[in-house]
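**Student:** Sharing run-v5.cif below, mmCIF, C-alpha atoms and all ligand atoms:
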```cif
data_coords
loop_
_atom_site.label_atom_id
_atom_site.label_comp_id
_atom_site.auth_asym_id
_atom_site.auth_seq_id
_atom_site.Cartn_x
_atom_site.Cartn_y
_atom_site.Cartn_z
CA MET A 129 79.49 68.70 108.19
CA ASN A 130 79.09 71.47 105.67
CA ILE A 131 80.04 74.41 107.90
CA THR A 132 80.90 77.32 105.63
CA GLY A 133 82.71 79.69 108.00
CA LEU A 134 81.99 82.27 110.65
CA ASP A 135 78.76 84.22 110.24
CA CYS A 136 78.89 86.39 113.33
CA LEU A 137 80.59 86.99 116.67
CA VAL A 138 78.40 88.35 119.46
CA PHE A 139 79.96 90.44 122.22
CA GLY A 140 78.51 91.60 125.52
CA VAL A 141 80.51 94.70 126.32
CA ASP A 142 81.05 97.27 129.03
CA ASP A 143 81.11 100.33 126.78
CA VAL A 144 78.59 99.93 123.96
CA GLU A 145 79.14 103.39 122.52
CA ALA A 146 82.91 102.91 122.31
CA CYS A 147 82.50 99.53 120.59
CA ASN A 148 79.94 100.94 118.13
CA GLN A 149 82.36 103.71 117.19
CA TYR A 150 85.34 101.34 117.03
CA LEU A 151 83.72 98.89 114.64
CA THR A 152 82.40 101.70 112.46
CA ASP A 153 85.88 103.23 112.29
CA TYR A 154 87.31 99.77 111.54
CA GLY A 155 85.22 99.93 108.39
CA LEU A 156 82.22 97.68 109.00
CA THR A 157 78.79 98.97 108.04
CA PRO A 158 76.61 99.80 111.06
CA LYS A 159 73.11 98.30 111.04
CA ASP A 160 70.43 98.94 113.68
CA VAL A 161 72.83 100.79 115.93
CA SER A 162 71.59 102.26 119.19
CA ALA A 163 72.68 102.70 122.79
CA ALA A 164 71.80 99.01 123.19
CA GLY A 165 74.33 97.88 120.60
CA GLY A 166 74.21 97.07 116.93
CA ARG A 167 75.28 94.89 114.10
CA PHE A 168 78.39 95.74 112.08
CA GLU A 169 78.51 94.08 108.70
CA ALA A 170 81.11 93.21 106.13
CA LEU A 171 80.29 93.29 102.42
CA ASP A 172 79.03 89.71 102.46
CA GLY A 173 76.74 90.24 105.47
CA THR A 174 78.93 88.48 108.03
CA ALA A 175 79.14 90.59 111.13
CA ILE A 176 80.07 91.53 114.66
CA GLU A 177 77.18 92.09 117.03
CA ILE A 178 77.53 94.35 120.03
CA ARG A 179 75.23 94.18 123.07
CA HIS A 180 75.60 95.51 126.58
CA GLN A 181 77.13 92.93 128.92
CA ASP A 182 73.92 92.86 131.02
CA ASP A 183 71.64 92.29 128.02
CA PRO A 184 69.40 89.38 129.08
CA SER A 185 69.26 88.03 125.52
CA LEU A 186 72.94 87.07 125.67
CA PRO A 187 74.23 83.65 126.63
CA PRO A 188 76.21 83.67 129.90
CA ALA A 189 79.78 84.97 129.91
CA LEU A 190 82.77 82.72 130.52
CA PRO A 191 83.99 82.79 134.14
CA THR A 192 87.10 84.67 132.98
CA GLY A 193 84.94 87.60 131.90
CA SER A 194 85.79 87.43 128.20
CA MET A 195 83.35 89.69 126.35
CA LEU A 196 82.76 87.22 123.51
CA ARG A 197 79.38 85.67 124.25
CA LYS A 198 78.65 83.63 121.15
CA THR A 199 80.34 82.40 117.98
CA ILE A 200 77.90 81.80 115.15
CA HIS A 201 78.98 79.44 112.39
CA GLY A 202 77.19 79.40 109.05
CA VAL A 203 76.17 76.10 107.51
CA ALA A 204 75.18 75.27 103.95
CA ASP A 205 71.68 73.89 104.47
CA GLN A 206 69.00 72.63 106.82
CA GLN A 207 70.34 69.12 106.51
CA THR A 208 73.68 70.20 108.00
CA LEU A 209 71.89 72.08 110.75
CA ASN A 210 69.90 68.97 111.64
CA ALA A 211 73.02 66.81 111.55
CA ILE A 212 74.84 69.15 113.96
CA ALA A 213 71.82 69.26 116.28
CA GLU A 214 71.70 65.48 116.30
CA GLU A 215 75.43 65.06 116.81
CA LEU A 216 75.74 67.57 119.64
CA GLY A 217 72.45 66.47 121.16
CA LYS A 218 74.09 63.15 122.03
CA ASP A 219 75.87 64.61 125.03
CA ARG A 220 74.73 68.20 125.62
CA GLU A 221 71.80 70.54 125.50
CA VAL A 222 71.05 71.90 122.04
CA LYS A 223 68.66 74.84 121.99
CA ARG A 224 66.52 75.57 118.95
CA LEU A 225 66.03 79.31 118.75
CA ASP A 226 63.08 81.14 117.17
CA ASP A 227 65.14 82.25 114.19
CA GLY A 228 65.71 78.61 113.20
CA SER A 229 69.29 78.51 114.44
CA ILE A 230 70.63 76.15 117.07
CA GLU A 231 72.80 76.87 120.08
CA ALA A 232 75.12 74.66 122.12
CA ALA A 233 78.38 74.99 124.02
CA ASP A 234 81.65 73.47 122.83
CA ASP A 235 83.81 71.35 125.15
CA MET A 236 85.58 74.45 126.51
CA GLY A 237 82.36 76.31 127.32
CA PHE A 238 82.33 78.70 124.36
CA VAL A 239 78.71 79.15 123.27
CA LEU A 240 78.24 78.32 119.61
CA GLY A 241 75.41 79.07 117.25
CA PHE A 242 74.76 77.38 113.92
CA GLN A 243 72.52 78.84 111.26
CA ILE A 244 71.93 78.56 107.55
CA SER A 245 74.63 80.97 106.53
CA CYS A 246 73.82 84.65 106.18
CA ARG A 247 76.90 85.02 103.96
CA LYS A 248 75.83 86.57 100.66
CA PRO A 249 77.77 85.83 97.50
CA ILE A 250 79.76 88.93 96.58
CA SER A 251 81.53 89.87 93.41
CA VAL A 252 84.16 92.52 94.05
CA PRO A 253 87.52 92.48 92.30
CA ALA A 254 90.63 92.03 94.43
CA GLU A 255 93.10 94.88 94.26
CA LYS A 256 95.13 94.51 91.11
CA ILE A 257 98.84 94.89 90.44
CA ASN A 258 101.01 95.23 87.37
CA ALA A 259 104.14 93.12 87.04
CA PRO A 260 106.42 92.56 84.06
CA GLY A 261 105.87 89.13 82.61
CA ASP A 262 102.20 88.97 83.44
CA GLU A 263 99.16 90.60 81.90
CA PRO A 264 98.54 94.06 83.41
CA GLY A 265 96.38 93.75 86.51
CA ARG A 266 95.04 97.26 86.04
CA PRO A 267 94.03 98.65 82.69
CA VAL A 268 96.13 101.42 81.16
CA ASN A 269 95.61 104.82 82.87
CA VAL A 270 94.08 103.29 85.97
CA ILE A 271 96.12 104.35 88.99
CA GLY A 272 97.03 102.08 91.89
CA ALA A 273 97.91 104.56 94.64
CA ASP A 274 94.54 106.08 95.35
CA GLU A 275 94.39 107.34 98.93
CA SER A 276 90.69 108.07 98.66
CA ILE A 277 89.45 104.51 98.13
CA GLU A 278 86.66 103.25 100.32
CA ILE A 279 87.70 100.16 102.24
CA ILE A 280 84.97 97.94 103.60
CA PRO A 281 86.00 94.60 105.09
CA ARG A 282 84.72 91.85 102.83
CA SER A 283 84.12 88.87 105.02
CA LEU A 284 84.49 87.63 108.60
CA SER A 285 87.58 85.44 108.47
CA HIS A 286 88.55 83.82 111.75
CA VAL A 287 88.49 83.88 115.51
CA VAL A 288 91.31 82.78 117.80
CA TYR A 289 90.43 81.21 121.13
CA PHE A 290 92.57 80.88 124.22
CA VAL A 291 91.63 77.41 125.44
CA PRO A 292 92.62 75.55 128.60
CA ASP A 293 93.08 72.27 126.75
CA SER A 294 93.80 72.64 123.05
CA LYS A 295 93.88 68.86 122.50
CA LYS A 296 90.39 68.46 123.89
CA ALA A 297 89.14 71.55 122.07
CA GLU A 298 90.66 70.32 118.81
CA ALA A 299 89.05 66.90 119.22
CA PHE A 300 85.64 68.54 119.59
CA TYR A 301 85.92 70.54 116.38
CA ILE A 302 87.40 67.66 114.40
CA GLU A 303 85.43 64.69 115.67
CA ARG A 304 82.08 66.35 116.31
CA LEU A 305 81.97 69.07 113.65
CA GLY A 306 84.28 67.71 110.95
CA PHE A 307 86.86 70.49 110.95
CA ARG A 308 90.26 69.76 109.33
CA VAL A 309 93.67 70.74 110.68
CA ALA A 310 95.28 73.16 108.21
CA ASP A 311 98.58 73.57 110.05
CA ARG A 312 99.72 73.38 113.63
CA PHE A 313 101.89 75.28 116.05
CA THR A 314 102.96 72.31 118.16
CA ASN A 315 103.35 74.37 121.35
CA LEU A 316 100.11 76.36 120.88
CA GLY A 317 97.49 74.51 118.88
CA PRO A 318 95.94 73.93 115.46
CA PHE A 319 94.56 76.13 112.70
CA LEU A 320 91.17 74.62 111.85
CA ARG A 321 89.15 74.76 108.66
CA PRO A 322 85.55 73.58 108.39
CA GLN A 323 84.50 71.48 105.41
CA GLY A 324 82.45 74.16 103.68
CA THR A 325 85.28 76.60 102.93
CA LEU A 326 88.75 76.53 101.43
CA ASP A 327 90.06 79.30 103.72
CA HIS A 328 93.18 78.18 105.61
CA HIS A 329 91.46 78.63 108.96
CA THR A 330 88.30 80.00 110.50
CA ILE A 331 89.41 79.03 114.02
CA PHE A 332 92.84 78.91 115.62
CA LEU A 333 93.23 77.42 119.10
CA VAL A 334 95.90 78.61 121.51
CA ASN A 335 96.58 76.53 124.60
CA THR A 336 96.72 78.68 127.75
CA PRO A 337 96.21 78.30 131.50
CA PRO A 338 92.46 78.13 132.35
CA GLU A 339 92.36 81.63 133.81
CA MET A 340 93.24 83.04 130.40
CA GLN A 341 90.36 81.40 128.50
CA GLY A 342 88.90 83.85 126.04
CA VAL A 343 89.70 85.39 122.72
CA GLU A 344 93.01 86.52 121.26
CA HIS A 345 91.51 88.15 118.17
CA PHE A 346 89.09 88.10 115.29
CA THR A 347 89.56 89.47 111.81
CA PHE A 348 87.93 90.29 108.51
CA HIS A 349 89.39 89.78 105.04
CA LEU A 350 90.24 92.89 103.03
CA GLY A 351 90.82 93.17 99.29
CA GLY A 352 94.60 92.87 99.36
CA PRO A 353 97.79 94.07 101.06
CA ASN A 354 97.47 97.66 99.83
CA GLU A 355 93.98 97.90 101.33
CA LEU A 356 95.28 96.37 104.53
CA LEU A 357 98.12 98.89 104.82
CA LEU A 358 95.85 101.82 104.03
CA ALA A 359 93.04 100.68 106.33
CA GLY A 360 95.51 100.11 109.17
CA LYS A 361 97.13 103.48 108.65
CA ARG A 362 93.76 105.24 108.69
CA PHE A 363 92.83 103.35 111.85
CA GLN A 364 96.09 104.25 113.57
CA ASP A 365 95.71 107.88 112.46
CA LYS A 366 92.36 107.92 114.29
CA GLY A 367 94.29 107.11 117.48
CA TYR A 368 93.64 103.37 117.66
CA GLU A 369 96.43 101.38 119.22
CA SER A 370 98.42 99.09 116.97
CA PHE A 371 99.49 95.88 118.68
CA TRP A 372 101.37 93.96 116.00
CA GLY A 373 102.04 94.57 112.35
CA PRO A 374 101.62 95.23 109.56
CA GLY A 375 103.25 92.00 108.54
CA ARG A 376 102.62 88.72 106.80
CA HIS A 377 102.01 85.42 108.51
CA ILE A 378 103.61 82.20 107.33
CA TYR A 379 100.83 79.70 108.11
CA GLY A 380 97.87 80.92 106.08
CA SER A 381 100.05 83.51 104.29
CA ASN A 382 97.67 86.25 105.35
CA TRP A 383 98.88 89.79 105.72
CA PHE A 384 98.02 91.00 109.21
CA TRP A 385 97.72 94.11 111.32
CA TYR A 386 96.40 93.82 114.88
CA PHE A 387 94.89 96.52 117.09
CA ASN A 388 93.63 96.71 120.66
CA SER A 389 89.90 97.19 121.12
CA PRO A 390 87.25 98.16 123.68
CA MET A 391 85.83 94.62 123.31
CA GLY A 392 88.94 93.48 125.17
CA VAL A 393 90.23 91.45 122.22
CA HIS A 394 92.65 92.15 119.44
CA VAL A 395 91.05 93.02 116.15
CA GLU A 396 92.97 92.22 113.02
CA TYR A 397 92.83 93.31 109.41
CA ASP A 398 93.77 90.42 107.16
CA ALA A 399 94.25 89.92 103.44
CA ASP A 400 95.25 87.25 100.96
CA MET A 401 94.88 84.02 102.89
CA ASP A 402 95.83 80.64 101.39
CA LEU A 403 93.13 78.25 100.27
CA HIS A 404 93.34 74.53 100.95
CA ASP A 405 91.37 71.39 100.32
CA ASP A 406 91.62 67.92 101.77
CA SER A 407 94.62 67.03 99.60
CA TRP A 408 96.70 69.46 101.72
CA THR A 409 99.13 67.93 104.21
CA PRO A 410 99.22 70.00 107.41
CA ARG A 411 102.58 71.42 108.43
CA GLU A 412 103.68 71.73 112.01
CA ILE A 413 106.34 73.65 113.86
CA ASP A 414 106.94 75.20 117.28
CA ALA A 415 105.56 78.73 117.22
CA SER A 416 108.24 81.41 117.40
CA ALA A 417 108.81 84.89 116.01
CA ASP A 418 110.49 83.32 112.97
CA ALA A 419 107.79 80.73 112.42
CA SER A 420 104.95 83.19 112.78
CA GLN A 421 105.70 85.88 110.21
CA ILE A 422 107.88 86.49 107.20
CA PHE A 423 108.17 90.13 108.18
CA ASN A 424 106.77 92.64 110.63
CA PHE A 425 106.81 96.41 110.27
CA THR A 426 105.86 99.43 112.35
CA LEU A 427 104.11 102.42 110.85
CA VAL A 428 106.12 105.63 111.20
CA ASP A 429 105.20 109.19 110.30
CA LYS A 430 105.38 110.15 106.66
CA TRP A 431 108.53 111.97 105.65
CA MET A 432 110.18 113.31 102.54
CA PRO A 433 113.76 112.42 101.77
CA GLY A 434 115.99 115.08 100.24
CA GLY A 435 115.07 118.11 102.30
CA ASP A 436 112.83 120.42 100.35
CA PRO A 437 109.51 118.73 99.75
CA HIS A 438 107.51 121.93 98.96
CA MET B 48 121.47 113.86 134.41
CA ASN B 49 119.31 113.01 137.35
CA THR B 50 116.55 115.55 136.81
CA SER B 51 112.86 114.79 136.89
CA LEU B 52 110.93 114.85 133.64
CA ARG B 53 107.97 117.17 133.41
CA LEU B 54 104.96 115.31 132.03
CA CYS B 55 102.20 117.91 132.04
CA HIS B 56 100.13 120.16 134.25
CA LEU B 57 97.59 118.57 136.59
CA ASP B 58 94.82 120.30 134.64
CA ASP B 59 95.92 118.61 131.42
CA ILE B 60 94.25 115.44 132.72
CA SER B 61 90.53 115.74 133.37
CA ASP B 62 89.41 114.52 136.74
CA GLY B 63 88.63 110.80 136.72
CA ASP B 64 90.33 110.29 133.38
CA ALA B 65 93.60 108.83 132.16
CA ARG B 66 96.27 110.02 129.83
CA GLY B 67 99.22 108.30 128.20
CA PHE B 68 102.70 109.80 128.02
CA ASP B 69 105.78 109.17 125.93
CA PRO B 70 108.37 111.11 127.92
CA LEU B 71 111.34 109.69 126.01
CA GLY B 72 109.80 110.06 122.57
CA SER B 73 109.83 106.30 121.94
CA GLY B 74 106.91 106.57 119.53
CA ARG B 75 104.40 104.99 121.90
CA ASP B 76 103.10 105.93 125.33
CA SER B 77 105.35 104.20 127.83
CA LEU B 78 103.26 105.13 130.85
CA PHE B 79 99.84 106.45 131.78
CA VAL B 80 98.48 108.60 134.55
CA ILE B 81 95.00 108.61 136.10
CA ARG B 82 93.72 111.69 137.92
CA ASP B 83 91.57 111.45 141.00
CA GLY B 84 90.92 115.00 142.21
CA SER B 85 94.28 116.44 143.12
CA GLU B 86 95.88 112.99 143.20
CA LEU B 87 97.61 111.21 140.38
CA ILE B 88 98.22 107.50 139.95
CA GLY B 89 100.72 106.38 137.34
CA TYR B 90 101.66 103.00 135.85
CA LEU B 91 103.89 101.75 133.11
CA ASN B 92 101.83 101.12 129.97
CA ALA B 93 102.79 97.46 130.10
CA CYS B 94 100.31 94.67 130.71
CA PRO B 95 101.59 91.86 132.96
CA HIS B 96 99.63 89.17 131.00
CA ARG B 97 102.07 86.25 130.71
CA GLY B 98 103.30 85.82 127.18
CA TYR B 99 102.30 89.41 126.41
CA GLU B 100 104.41 91.24 128.99
CA GLY B 101 104.89 94.87 128.06
CA THR B 102 101.86 95.11 125.77
CA SER B 103 100.40 98.58 125.42
CA MET B 104 97.01 98.65 127.11
CA ALA B 105 95.03 101.54 125.66
CA TRP B 106 92.59 100.66 122.89
CA ARG B 107 92.78 104.21 121.60
CA LYS B 108 95.00 107.14 122.53
CA ASP B 109 94.42 107.79 126.27
CA GLN B 110 91.66 105.16 126.56
CA PHE B 111 92.91 103.12 129.53
CA LEU B 112 89.72 102.89 131.62
CA ASN B 113 86.40 101.08 131.52
CA LYS B 114 83.18 102.99 130.91
CA ALA B 115 82.51 103.67 134.59
CA LYS B 116 86.13 104.84 134.86
CA ASP B 117 86.55 102.78 138.01
CA ARG B 118 88.93 100.18 136.58
CA ILE B 119 91.88 100.08 134.24
CA LEU B 120 91.12 97.98 131.15
CA CYS B 121 93.64 96.30 128.88
CA GLY B 122 92.43 96.61 125.30
CA ALA B 123 94.42 93.54 124.26
CA HIS B 124 92.54 90.77 126.12
CA GLY B 125 90.33 92.64 128.54
CA ALA B 126 92.26 92.33 131.82
CA GLN B 127 90.83 94.66 134.46
CA PHE B 128 92.97 96.30 137.14
CA ASP B 129 92.27 98.16 140.36
CA ILE B 130 93.08 101.83 139.82
CA ARG B 131 94.60 102.32 143.27
CA THR B 132 96.62 99.13 143.64
CA GLY B 133 97.22 98.12 140.02
CA GLU B 134 96.15 94.60 140.89
CA CYS B 135 94.48 92.46 138.22
CA LEU B 136 90.86 91.91 139.32
CA ARG B 137 89.56 90.06 136.28
CA GLY B 138 90.93 88.57 133.08
CA PRO B 139 94.03 86.69 132.06
CA CYS B 140 96.56 87.82 134.70
CA PRO B 141 95.03 87.17 138.15
CA GLY B 142 97.44 87.78 141.00
CA GLN B 143 99.63 90.02 138.88
CA SER B 144 99.88 93.79 139.04
CA LEU B 145 100.79 96.80 136.98
CA THR B 146 104.11 98.51 137.69
CA PRO B 147 103.57 101.86 139.41
CA VAL B 148 105.51 104.98 138.48
CA GLN B 149 106.30 107.69 141.00
CA LEU B 150 104.95 111.13 140.23
CA THR B 151 105.29 114.41 142.04
CA ILE B 152 103.13 117.51 141.67
CA ASN B 153 104.76 120.79 142.58
CA GLU B 154 103.04 123.83 144.07
CA HIS B 155 102.19 125.13 140.58
CA GLY B 156 100.50 121.88 139.60
CA ASP B 157 103.32 120.73 137.32
CA VAL B 158 103.58 116.95 137.19
CA TYR B 159 107.02 115.36 137.28
CA LEU B 160 108.11 111.83 136.76
CA HIS B 161 110.74 110.28 138.99
CA PRO B 162 113.76 109.88 136.71
CA THR B 163 114.09 106.10 137.12
CA ASP B 164 110.47 105.54 136.13
CA THR B 165 110.39 106.49 132.50
CA GLY B 166 109.29 103.08 131.32
CA LYS B 167 112.17 102.78 128.83
S1 LIG C 501 98.06 91.90 127.09
FE1 LIG C 501 96.72 92.85 128.54
S2 LIG C 501 95.18 91.38 128.80
FE2 LIG C 501 96.55 90.40 127.41
FE FE C 502 94.55 86.11 112.67
#
```
Show how you would write the structure in this file as structure tokens.
Ligand code: FES
Ligand SMILES: [Fe+2]
**Tutor:**
Amino acid sequence: MNITGLDCLVFGVDDVEACNQYLTDYGLTPKDVSAAGGRFEALDGTAIEIRHQDDPSLPPALPTGSMLRKTIHGVADQQTLNAIAEELGKDREVKRLDDGSIEAADDMGFVLGFQISCRKPISVPAEKINAPGDEPGRPVNVIGADESIEIIPRSLSHVVYFVPDSKKAEAFYIERLGFRVADRFTNLGPFLRPQGTLDHHTIFLVNTPPEMQGVEHFTFHLGGPNELLLAGKRFQDKGYESFWGPGRHIYGSNWFWYFNSPMGVHVEYDADMDLHDDSWTPREIDASADASQIFNFTLVDKWMPGGDPH
Amino acid sequence: MNTSLRLCHLDDISDGDARGFDPLGSGRDSLFVIRDGSELIGYLNACPHRGYEGTSMAWRKDQFLNKAKDRILCGAHGAQFDIRTGECLRGPCPGQSLTPVQLTINEHGDVYLHPTDTGK
């Protein structure tokens, strides 16, 4: 199944205005924003959609009250869309919506959408570094420490579900939708990559008791670790609450920085994720602080060593 | 020394709203206080969600409540708590509760924290 990655996550929230402001401050570009919600886009058009929790257009909420109402995966072509509709139609209701997309629930009850991907090709250079021994990343006289740069998240990266049965959830994504296991935390669950992308994971499953079913976090890719640190600092300076990071994960190698949000999920900035294809052999280990990150920092106030900073 | 810590004046918290405090200068708000008229309700800023115990709950400085301001909301995974009892009403920690902190308001409206309740 040529699923290319996440196109959009749709939330039904309690405080629309707070979520609109939050996602704008996070750096996404607001589109069609009103008191009823809005769409918040990355550079490549992938997005978060905010609606009020009572909006009748939304699929039903999970019994736990998680505010995520729908996960929309992009697919390469109509043929893939038809194949998914046929596959899932074997044992569940598959709705065909007016916009040409299809909708069905996974084996845990998360509502999924599939559409011909809205992800636009983008061509934006990654942040560049200079290092002895390699060609200069930046041309001569181009500075690296520019506090004024505009940082717009590039692409919706992944979502992490709390699932009551990660084995069953994993089987659904692998057997029915053709996802691959990238790596695995044996005591939590797998990192899953669909066939249409090389990104380490677009979904990560975490096994939890049923009453916790919902979402741990979602994240967008930034242009590199410097962008991630600067974006996170700006976000924290606006008063948003850092939860974990900045740091760098081991599985996936992505730099991370997690924040609380009014959507009732963590929202991450991520950068520089590993790419894999089917020749990759998944690793596995019990999740622990050591297995999860190579380092983890906490932002502190700026200071000037040496006393007299003028 | 066994003295109470002064947090603020009652009027520093708008009625119906919440505010976080960092009485020991730990770098993050270790507790929060909700004002209901002349009454204050305080809890440690520590979600009881299993596996995440101690997580800070605000999603932005002083944002501890839902839109209607009738429940406490955890900005990590959306747990909702009763303001009066601290009991989890919805979300990932049913049956668990927030840890209350004891506050006193003196005749001038100054708000003090009981010295054992500083939330580390
Ligand atoms: S840490 Fe509060 S809901 Fe998970
Ligand atoms: Fe992540």
**Student:** Kindly provide, as JSON, numbers by chain, the residues of chain A having any atom no farther than 10 Å from an atom of chain B, counting only C-alpha atoms.
**Tutor:** {"A": [141, 142, 143, 144, 145, 146, 150, 191, 192, 193, 194, 195, 290, 336, 337, 338, 339, 340, 341, 342, 343, 344, 345, 363, 364, 366, 367, 368, 369, 370, 371, 372, 386, 387, 388, 389, 390, 391, 392, 393, 394, 395, 428, 429]}
**Student:** Taking only C-alpha atoms and all ligand atoms into account, report as a PyMOL selection string which residues have an atom no farther than 7 Å from an atom of ligand FE 502 (chain C).
**Tutor:** chain A and resi 286+288+345-347+384+396
**Student:** I need the chosen residues saved as a PDB file, keeping the file's coordinate frame, with C-alpha atoms.
**Tutor:**
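What ended up in result37.pdb:
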```pdb
ATOM      1  CA  HIS A 286      88.550  83.820 111.750  1.00  0.00           C
ATOM      2  CA  VAL A 288      91.310  82.780 117.800  1.00  0.00           C
ATOM      3  CA  HIS A 345      91.510  88.150 118.170  1.00  0.00           C
ATOM      4  CA  PHE A 346      89.090  88.100 115.290  1.00  0.00           C
ATOM      5  CA  THR A 347      89.560  89.470 111.810  1.00  0.00           C
ATOM      6  CA  PHE A 384      98.020  91.000 109.210  1.00  0.00           C
ATOM      7  CA  GLU A 396      92.970  92.220 113.020  1.00  0.00           C
TER       8      GLU A 396
END
```
**Student:** Write out as a VMD selection string which residues come within 7 Å of Asp76 in chain B when counting only C-alpha atoms, dropping same-chain ones fewer than 3 positions away.
**Tutor:** chain B and resid 67 to 69 92
**Student:** So, counting all atoms listed in the file, which residue among A:Pro410, A:Pro281, A:Gly217, A:Gly140 is closest to Ser185 in chain A?
**Tutor:**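 That would be A:Gly140, the residue with the smallest distance to Ser185 in chain A.
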**Student:** In Å, rounded to a single decimal, give me how far CA of Leu150 in chain B is from CA of Ile119 in chain B.
**Tutor:**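 Interatomic distance, CA of Ile119 in chain B to CA of Leu150 in chain B: 18.1 Å.
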**Student:** For a test of reading the model, state the distance in Å between CA of Thr132 in chain A and CA of Val222 in chain A, rounded to one decimal.
**Tutor:**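 Taking CA of Thr132 in chain A as the start and CA of Val222 in chain A as the end point, the length is 19.9 Å.
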**Student:** Using all atoms listed in the file, what residues lie at most 8 Å away from (75.1, 94.9, 120.8) (file coordinates), given as a PDB file with C-alpha atoms, keeping the file's coordinate frame?
**Tutor:**
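Listing of selection_20.pdb after writing:
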```
ATOM      1  CA  VAL A 138      78.400  88.350 119.460  1.00  0.00           C
ATOM      2  CA  PHE A 139      79.960  90.440 122.220  1.00  0.00           C
ATOM      3  CA  GLY A 140      78.510  91.600 125.520  1.00  0.00           C
ATOM      4  CA  VAL A 141      80.510  94.700 126.320  1.00  0.00           C
ATOM      5  CA  VAL A 144      78.590  99.930 123.960  1.00  0.00           C
ATOM      6  CA  VAL A 161      72.830 100.790 115.930  1.00  0.00           C
ATOM      7  CA  ALA A 164      71.800  99.010 123.190  1.00  0.00           C
ATOM      8  CA  GLY A 165      74.330  97.880 120.600  1.00  0.00           C
ATOM      9  CA  GLY A 166      74.210  97.070 116.930  1.00  0.00           C
ATOM     10  CA  ARG A 167      75.280  94.890 114.100  1.00  0.00           C
ATOM     11  CA  GLU A 177      77.180  92.090 117.030  1.00  0.00           C
ATOM     12  CA  ILE A 178      77.530  94.350 120.030  1.00  0.00           C
ATOM     13  CA  ARG A 179      75.230  94.180 123.070  1.00  0.00           C
ATOM     14  CA  HIS A 180      75.600  95.510 126.580  1.00  0.00           C
TER      15      HIS A 180
END
```
**Student:** What is the CA of Glu412 in chain A to CA of Ile131 in chain A distance in Å?
**Tutor:** 24.1 Å
**Student:** So which residues fall inside 12 Å of (109.0, 67.3, 115.2) if we count all atoms listed in the file? Mind giving them as a ChimeraX atom specification?
**Tutor:** /A:312-315,411-414
**Student:** Leaving out range 259-272 of chain A and any residue of its chain fewer than 4 positions from it, which residues lie within 10 Å of it when counting all atoms listed in the file, given as a list in words?
**Tutor:**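 With the cut-off at 10 Å, the set is Ala254, Glu255 and Asn354 of chain A.
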**Student:** Extract, using all atoms listed in the file, all DNA, RNA and protein residues at most 9 Å from Gly63 in chain B, discarding same-chain residues fewer than 4 positions from it, and format them as a PyMOL selection string.
**Tutor:** chain B and resi 81-84+116-117
**Student:** Closest to ligand LIG 501 (chain C) among B:Asn153, B:Ser51, B:Ser77, B:Gln143, using only C-alpha atoms and all ligand atoms?
**Tutor:**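 When distances to ligand LIG 501 (chain C) are compared using only C-alpha atoms and all ligand atoms, the smallest one comes from B:Gln143.
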**Student:** How big is the axis-aligned box around the listed atoms of range 361-371 of chain A once 8 Å is added on each side, and where is its centre? Give both in Å to one decimal, as AutoDock Vina command-line options.
**Tutor:**
```
--center_x 95.9 --center_y 101.9 --center_z 113.9 --size_x 23.1 --size_y 28.0 --size_z 26.6
```
**Student:** Counting all atoms listed in the file, which residue out of B:Gly133, B:Gly101, B:Gly156, B:Gly142 sits closest to ligand LIG 501 (chain C)?
**Tutor:** B:Gly101
**Student:** Which residue, A:Gly155, A:Gly237, A:Gly324, A:Gly173, has the smallest gap to Glu355 in chain A when you use only C-alpha atoms?
**Tutor:** A:Gly155
**Student:** From the list B:Asp157, B:Glu134, B:Asp129, B:Glu86, which residue is nearest Leu52 in chain B when using all atoms listed in the file?
**Tutor:**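 Selected residue with least distance to Leu52 in chain B: B:Asp157.
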